[in-house]
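Trainee: run37.txt is the file, holding compact mmCIF, C-alpha atoms and all ligand atoms:
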```txt
# COMPACT_ATOMS: atom_id res chain seq x y z
CA MET A 1 88.29 87.66 328.90
CA ASN A 2 87.95 90.58 326.48
CA GLU A 3 87.34 89.63 322.85
CA LYS A 4 87.69 85.89 323.60
CA VAL A 5 85.31 83.56 321.77
CA THR A 6 83.57 80.86 323.82
CA ILE A 7 81.29 78.05 322.65
CA VAL A 8 78.75 76.95 325.28
CA THR A 9 76.80 73.76 324.52
CA GLY A 10 73.31 73.56 326.00
CA GLY A 11 73.57 77.32 326.48
CA ALA A 12 69.93 78.15 325.69
CA GLN A 13 68.66 77.46 329.22
CA GLY A 14 69.59 76.42 332.76
CA ILE A 15 73.17 76.35 333.97
CA GLY A 16 74.57 76.73 330.43
CA ARG A 17 72.63 79.94 329.89
CA THR A 18 73.93 81.34 333.18
CA ILE A 19 77.50 80.37 332.24
CA ALA A 20 77.15 82.03 328.81
CA GLY A 21 75.71 85.20 330.40
CA PHE A 22 78.46 85.45 333.02
CA LEU A 23 81.27 84.88 330.51
CA ALA A 24 79.70 87.60 328.33
CA GLU A 25 79.69 89.98 331.33
CA LYS A 26 83.39 89.20 331.68
CA GLY A 27 83.98 90.25 328.06
CA SER A 28 83.73 87.03 326.03
CA ASN A 29 81.81 86.77 322.77
CA ILE A 30 79.56 83.72 322.80
CA ALA A 31 78.47 80.95 320.41
CA ILE A 32 75.56 78.89 321.75
CA PHE A 33 75.00 75.31 320.56
CA ASP A 34 71.60 73.86 321.51
CA ILE A 35 68.68 71.87 320.15
CA ILE A 36 66.06 74.19 321.65
CA ASP A 37 65.42 77.79 320.63
CA GLY A 38 68.18 80.11 321.86
CA ALA A 39 66.70 83.47 320.84
CA GLU A 40 66.17 84.75 324.42
CA ALA A 41 69.64 83.72 325.56
CA VAL A 42 71.15 85.42 322.51
CA SER A 43 69.30 88.71 323.05
CA ASP A 44 70.32 88.76 326.77
CA ILE A 45 73.97 88.44 325.77
CA ARG A 46 73.76 91.01 322.97
CA ALA A 47 72.19 93.39 325.52
CA LYS A 48 75.44 93.09 327.49
CA GLY A 49 77.26 94.46 324.42
CA ARG A 50 78.83 91.20 323.34
CA LYS A 51 78.64 89.42 319.99
CA CYS A 52 76.50 86.28 320.24
CA GLU A 53 75.28 83.74 317.67
CA PHE A 54 73.03 80.73 318.05
CA TYR A 55 73.67 77.42 316.24
CA GLN A 56 70.95 74.79 316.17
CA VAL A 57 73.13 71.76 316.87
CA ASN A 58 72.45 68.29 318.16
CA VAL A 59 75.75 67.70 319.94
CA VAL A 60 75.41 63.93 319.41
CA ASP A 61 75.68 64.39 315.63
CA THR A 62 79.39 64.39 314.71
CA THR A 63 78.97 66.01 311.28
CA MET A 64 76.59 68.68 312.57
CA VAL A 65 79.05 69.59 315.36
CA LYS A 66 82.00 69.75 312.96
CA ASN A 67 80.08 72.00 310.54
CA ALA A 68 78.90 74.27 313.35
CA VAL A 69 82.42 74.64 314.77
CA ASP A 70 83.73 75.52 311.27
CA GLN A 71 80.92 78.08 311.01
CA VAL A 72 81.87 79.63 314.38
CA VAL A 73 85.40 80.17 313.07
CA LYS A 74 83.96 81.83 309.94
CA ASP A 75 81.62 84.02 312.03
CA PHE A 76 83.98 84.96 314.89
CA GLY A 77 87.43 84.39 313.37
CA LYS A 78 88.64 81.97 316.09
CA ILE A 79 87.70 79.81 319.11
CA ASP A 80 89.37 80.38 322.49
CA ASN A 81 87.17 78.39 324.86
CA LEU A 82 84.68 75.53 324.90
CA VAL A 83 82.21 74.68 327.69
CA ASN A 84 80.75 71.19 327.28
CA ASN A 85 77.55 71.67 329.28
CA ALA A 86 74.71 69.98 327.33
CA GLY A 87 73.35 67.04 329.30
CA ILE A 88 70.28 64.97 330.11
CA THR A 89 69.07 62.40 332.65
CA ARG A 90 66.97 59.25 332.20
CA ASP A 91 67.01 58.07 335.82
CA ASN A 92 66.07 54.57 336.91
CA LEU A 93 67.38 51.64 338.91
CA LEU A 94 69.77 49.47 336.90
CA LEU A 95 67.31 46.65 336.26
CA ARG A 96 64.80 49.16 334.87
CA ILE A 97 67.17 51.12 332.64
CA LYS A 98 66.19 50.40 329.05
CA GLU A 99 68.94 50.05 326.47
CA GLU A 100 67.77 53.23 324.71
CA ASP A 101 67.95 55.16 328.01
CA TRP A 102 71.52 53.98 328.50
CA ASP A 103 72.47 54.89 324.92
CA VAL A 104 70.88 58.34 324.80
CA VAL A 105 72.42 59.45 328.13
CA LEU A 106 75.89 58.24 327.13
CA ASP A 107 75.49 59.87 323.70
CA VAL A 108 74.23 63.28 324.86
CA ASN A 109 76.50 63.53 327.91
CA LEU A 110 79.71 61.85 326.71
CA LYS A 111 79.84 61.33 322.94
CA SER A 112 78.96 65.02 322.63
CA VAL A 113 82.08 65.91 324.59
CA PHE A 114 84.21 63.84 322.20
CA ASN A 115 82.50 65.48 319.19
CA CYS A 116 82.81 69.07 320.36
CA THR A 117 86.29 68.76 321.86
CA LYS A 118 87.72 67.05 318.77
CA ALA A 119 86.23 69.69 316.49
CA VAL A 120 87.61 72.66 318.48
CA VAL A 121 91.02 71.19 319.33
CA LYS A 122 91.78 71.13 315.60
CA TYR A 123 91.67 74.96 315.71
CA MET A 124 93.15 75.35 319.20
CA LEU A 125 96.32 73.50 318.14
CA ARG A 126 97.44 76.72 316.48
CA THR A 127 96.28 79.18 319.13
CA GLY A 128 95.98 77.37 322.47
CA GLY A 129 92.69 77.38 324.32
CA SER A 130 90.75 76.28 327.35
CA ILE A 131 87.99 73.69 327.75
CA VAL A 132 85.68 73.06 330.72
CA ASN A 133 83.49 69.97 330.94
CA ILE A 134 80.43 70.10 333.19
CA SER A 135 80.44 66.75 334.99
CA SER A 136 78.53 66.07 338.24
CA VAL A 137 79.04 65.10 341.87
CA VAL A 138 77.42 61.76 340.99
CA GLY A 139 80.18 61.11 338.45
CA VAL A 140 82.58 61.33 341.39
CA MET A 141 80.64 59.49 344.13
CA GLY A 142 77.89 57.52 342.29
CA ASN A 143 74.16 57.64 343.02
CA ALA A 144 71.51 54.93 343.22
CA GLY A 145 69.06 55.35 340.36
CA GLN A 146 71.57 57.09 338.09
CA ALA A 147 73.93 54.35 336.78
CA ASN A 148 73.71 55.66 333.20
CA TYR A 149 74.06 59.34 334.16
CA SER A 150 76.88 58.79 336.69
CA ALA A 151 78.76 56.56 334.21
CA SER A 152 78.55 59.33 331.59
CA LYS A 153 79.70 61.98 334.08
CA ALA A 154 82.58 59.80 335.36
CA GLY A 155 83.53 59.17 331.72
CA MET A 156 83.81 62.92 331.21
CA ILE A 157 86.39 63.05 334.00
CA GLY A 158 88.60 60.36 332.42
CA PHE A 159 88.28 62.11 329.07
CA THR A 160 89.19 65.46 330.66
CA LYS A 161 92.42 64.11 332.17
CA SER A 162 93.50 62.24 329.02
CA VAL A 163 92.94 65.16 326.66
CA ALA A 164 94.59 67.52 329.18
CA LYS A 165 97.72 65.34 329.04
CA GLU A 166 97.65 65.08 325.23
CA TYR A 167 97.43 68.82 324.51
CA ALA A 168 99.06 70.61 327.47
CA GLU A 169 102.20 71.27 325.45
CA ARG A 170 100.08 72.92 322.74
CA GLY A 171 98.75 75.42 325.31
CA ILE A 172 95.33 73.79 325.59
CA ARG A 173 93.99 73.34 329.14
CA VAL A 174 91.13 70.92 329.88
CA ASN A 175 89.32 70.83 333.23
CA ALA A 176 86.03 69.62 334.68
CA VAL A 177 83.55 71.11 337.13
CA ALA A 178 81.44 68.70 339.18
CA PRO A 179 78.33 70.50 340.47
CA GLY A 180 76.23 69.08 343.31
CA PHE A 181 72.50 69.82 343.62
CA ILE A 182 71.93 73.08 341.77
CA ARG A 183 68.67 75.03 342.19
CA THR A 184 66.66 74.62 338.98
CA LYS A 185 62.96 74.57 338.09
CA MET A 186 63.03 70.87 338.96
CA THR A 187 64.43 71.31 342.47
CA ASP A 188 62.18 74.36 343.10
CA ALA A 189 59.16 72.11 342.58
CA LEU A 190 60.22 69.60 345.29
CA ASP A 191 58.15 69.54 348.50
CA GLU A 192 59.59 71.01 351.71
CA LYS A 193 60.23 67.59 353.31
CA THR A 194 62.33 66.38 350.37
CA LYS A 195 64.25 69.67 350.37
CA GLU A 196 64.94 69.30 354.11
CA GLU A 197 66.34 65.81 353.50
CA MET A 198 68.62 67.21 350.78
CA PHE A 199 69.86 70.02 353.01
CA LYS A 200 70.74 67.53 355.76
CA ALA A 201 73.27 65.92 353.39
CA ILE A 202 74.83 69.25 352.33
CA PRO A 203 77.19 70.80 354.93
CA LEU A 204 76.56 74.33 353.57
CA LYS A 205 72.78 73.72 354.02
CA ARG A 206 71.61 75.14 350.72
CA LEU A 207 71.28 74.14 347.11
CA GLY A 208 73.85 75.58 344.72
CA GLU A 209 72.92 78.32 342.27
CA SER A 210 73.79 78.29 338.55
CA ASP A 211 75.98 81.31 339.33
CA ASP A 212 78.09 79.20 341.71
CA VAL A 213 78.97 76.99 338.74
CA ALA A 214 79.46 79.89 336.32
CA TYR A 215 82.02 81.61 338.59
CA VAL A 216 84.22 78.48 338.67
CA VAL A 217 83.91 77.95 334.91
CA TYR A 218 85.06 81.55 334.38
CA PHE A 219 87.97 81.08 336.79
CA LEU A 220 89.13 77.93 334.97
CA LEU A 221 88.78 79.44 331.49
CA SER A 222 90.42 82.75 332.39
CA GLN A 223 94.04 83.70 333.02
CA TYR A 224 93.41 83.08 336.75
CA GLY A 225 93.32 79.34 336.00
CA SER A 226 96.34 79.36 333.72
CA TYR A 227 98.36 76.83 335.79
CA ILE A 228 95.45 74.37 336.19
CA THR A 229 94.81 71.48 333.81
CA GLY A 230 93.32 67.98 334.14
CA GLU A 231 91.58 69.07 337.36
CA VAL A 232 88.05 68.41 338.63
CA ILE A 233 86.60 71.14 340.83
CA ASN A 234 83.68 70.15 343.07
CA VAL A 235 80.98 72.80 343.46
CA ASN A 236 78.69 70.95 345.82
CA GLY A 237 78.41 72.71 349.19
CA GLY A 238 80.52 69.97 350.77
CA LEU A 239 78.14 67.13 349.78
CA HIS A 240 81.20 65.15 348.68
CA MET A 241 84.76 66.06 349.70
P1 LIG B 301 68.89 71.81 331.50
O1 LIG B 301 68.06 70.65 331.05
O2 LIG B 301 68.21 73.00 332.09
O3 LIG B 301 69.83 72.31 330.32
C1 LIG B 301 70.49 71.41 329.45
C2 LIG B 301 70.64 72.08 328.09
O4 LIG B 301 71.25 71.13 327.21
C3 LIG B 301 69.28 72.46 327.47
O5 LIG B 301 69.33 73.76 326.92
C4 LIG B 301 69.09 71.40 326.40
O6 LIG B 301 68.28 71.80 325.31
C5 LIG B 301 70.52 71.13 325.98
N1 LIG B 301 70.66 69.85 325.29
C6 LIG B 301 70.15 68.65 325.67
N2 LIG B 301 70.40 67.72 324.74
C7 LIG B 301 71.09 68.34 323.74
C8 LIG B 301 71.62 67.91 322.48
N3 LIG B 301 71.49 66.63 322.07
N4 LIG B 301 72.25 68.81 321.70
C9 LIG B 301 72.37 70.11 322.10
N5 LIG B 301 71.89 70.57 323.28
C10 LIG B 301 71.25 69.69 324.09
O7 LIG B 301 69.95 71.19 332.54
P2 LIG B 301 70.89 71.94 333.63
O8 LIG B 301 70.36 71.58 334.97
O9 LIG B 301 71.09 73.35 333.27
O10 LIG B 301 72.23 71.09 333.42
C11 LIG B 301 73.33 71.56 332.65
C12 LIG B 301 74.50 70.62 332.84
O11 LIG B 301 74.87 70.58 334.22
C13 LIG B 301 74.20 69.17 332.43
O12 LIG B 301 75.33 68.59 331.82
C14 LIG B 301 73.92 68.50 333.77
O13 LIG B 301 74.17 67.12 333.71
C15 LIG B 301 74.90 69.23 334.67
N6 LIG B 301 74.56 69.18 336.09
C16 LIG B 301 73.38 69.71 336.54
C17 LIG B 301 73.08 69.65 337.91
C18 LIG B 301 71.80 70.22 338.46
O14 LIG B 301 71.58 70.10 339.69
N7 LIG B 301 70.96 70.85 337.66
C19 LIG B 301 74.01 69.05 338.79
C20 LIG B 301 75.19 68.54 338.28
C21 LIG B 301 75.48 68.62 336.93
```
Written as structure tokens, how would this file's structure read?

Mentor:
Amino acid sequence: MNEKVTIVTGGAQGIGRTIAGFLAEKGSNIAIFDIIDGAEAVSDIRAKGRKCEFYQVNVVDTTMVKNAVDQVVKDFGKIDNLVNNAGITRDNLLLRIKEEDWDVVLDVNLKSVFNCTKAVVKYMLRTGGSIVNISSVVGVMGNAGQANYSASKAGMIGFTKSVAKEYAERGIRVNAVAPGFIRTKMTDALDEKTKEEMFKAIPLKRLGESDDVAYVVYFLLSQYGSYITGEVINVNGGLHM
């Protein structure tokens, strides 16, 4: 992935930060789009010897995304890859989901993917490229208490397949990764009993790590995934097959 340029949305923390760091280790220069401060993530990546810039972008804002993507091309000269990773939850049972909780989850998780993909494809038409969308196991199998989130994550999968079909002949590949339960600050804080219940449902008997997701994103973006498009890869320890 030497000298490639990759945009990672939501790359300032969590899974996105791990993905950005791993792609940098594999030789990619990185542009991070996030609403929170990305200074630490940027200095980690620069310490690996790669070029990295941070763009304060709300991925829901179409104009802001378009301007930031244009700026990436000015700063780096091109865009090879996009990872649509920014996402949020506002979990509740259907009858308790407020309209604003439906709207914000669909906007941050799905409209953002439309915004960022449309803005980069304009450049990739000339050069080819590769896009990975971070969906979720619940977008594939559903989950009580997450109708808004699972609808947004299932929407990403339909979007992935449609755009993959539209731009395959221009050398643009579009795939999705559907992580299961990944170890984060939130899951670390769960009590032992709740964790035991989770493990019972996961054949591999452990939570996933952010690295488990990053490895698959790298595979899909890199030359090793060059004959794969429109695919959804589950990274869930067997929770859903
Ligand atoms: P996280 O909350 O740690 O990170 C999400 C990042 O997205 C943050 O840096 C946040 O600031 C950024 N973000 C949020 N709204 C934004 C906006 N409007 N504009 C720009 N950036 C914004 O979450 P995470 O656990 O690292 O999750 C990353 C992705 O993986 C999400 O799409 C999530 O749905 C998906 N996912 C996570 C898990 C899990 O177990 N953690 C499982 C399946 C899928």

Trainee: State, in Å with one decimal place, the distance from atom CA of A:Ile97 to atom CA of A:Ser152.

Mentor: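 Computing the Euclidean distance for atom CA of A:Ile97 and atom CA of A:Ser152 yields 14.1 Å.
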
Trainee: Please extract the residues at most 9 Å from ligand LIG 301 (chain B), counting all atoms listed in the file, and provide them as an MDAnalysis selection string, using the chain letters and residue numbers of this document.

Mentor: chainID A and resid 9:18 33:38 56:61 84:89 104 107:109 112 133:139 149 153 177:187 207:210 213 235:236

Trainee: Quick one: of A:Gln71, A:Ser130, A:Thr63, A:Asn148, who's nearest to A:Arg90, counting all atoms listed in the file?

Mentor: A:Asn148

Trainee: Which is closest to A:Asp44 among A:Gly77, A:Gly238, A:Gly21, A:Gly171, if we use only C-alpha atoms?

Mentor: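 Under the stated criterion, the closest residue is A:Gly21.
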
Trainee: Please determine, counting all atoms listed in the file, which residue among A:Asp80, A:Asp188, A:Asp70, A:Glu53 has the shortest atom-to-atom distance to A:Lys4.

Mentor: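 Using all atoms listed in the file, A:Lys4 sits closest to A:Asp80.
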
Trainee: I'd like the interatomic distance between atom CA of A:Thr229 and atom CA of A:Asn175, to a tenth of an Å.

Mentor: 5.6 Å

Trainee: Measuring between all atoms listed in the file, which one of A:Asn115, A:Asn143, A:Ser28, A:Thr194 shows the shortest distance to A:Asp91?

Mentor: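 Nearest to A:Asp91: A:Asn143.
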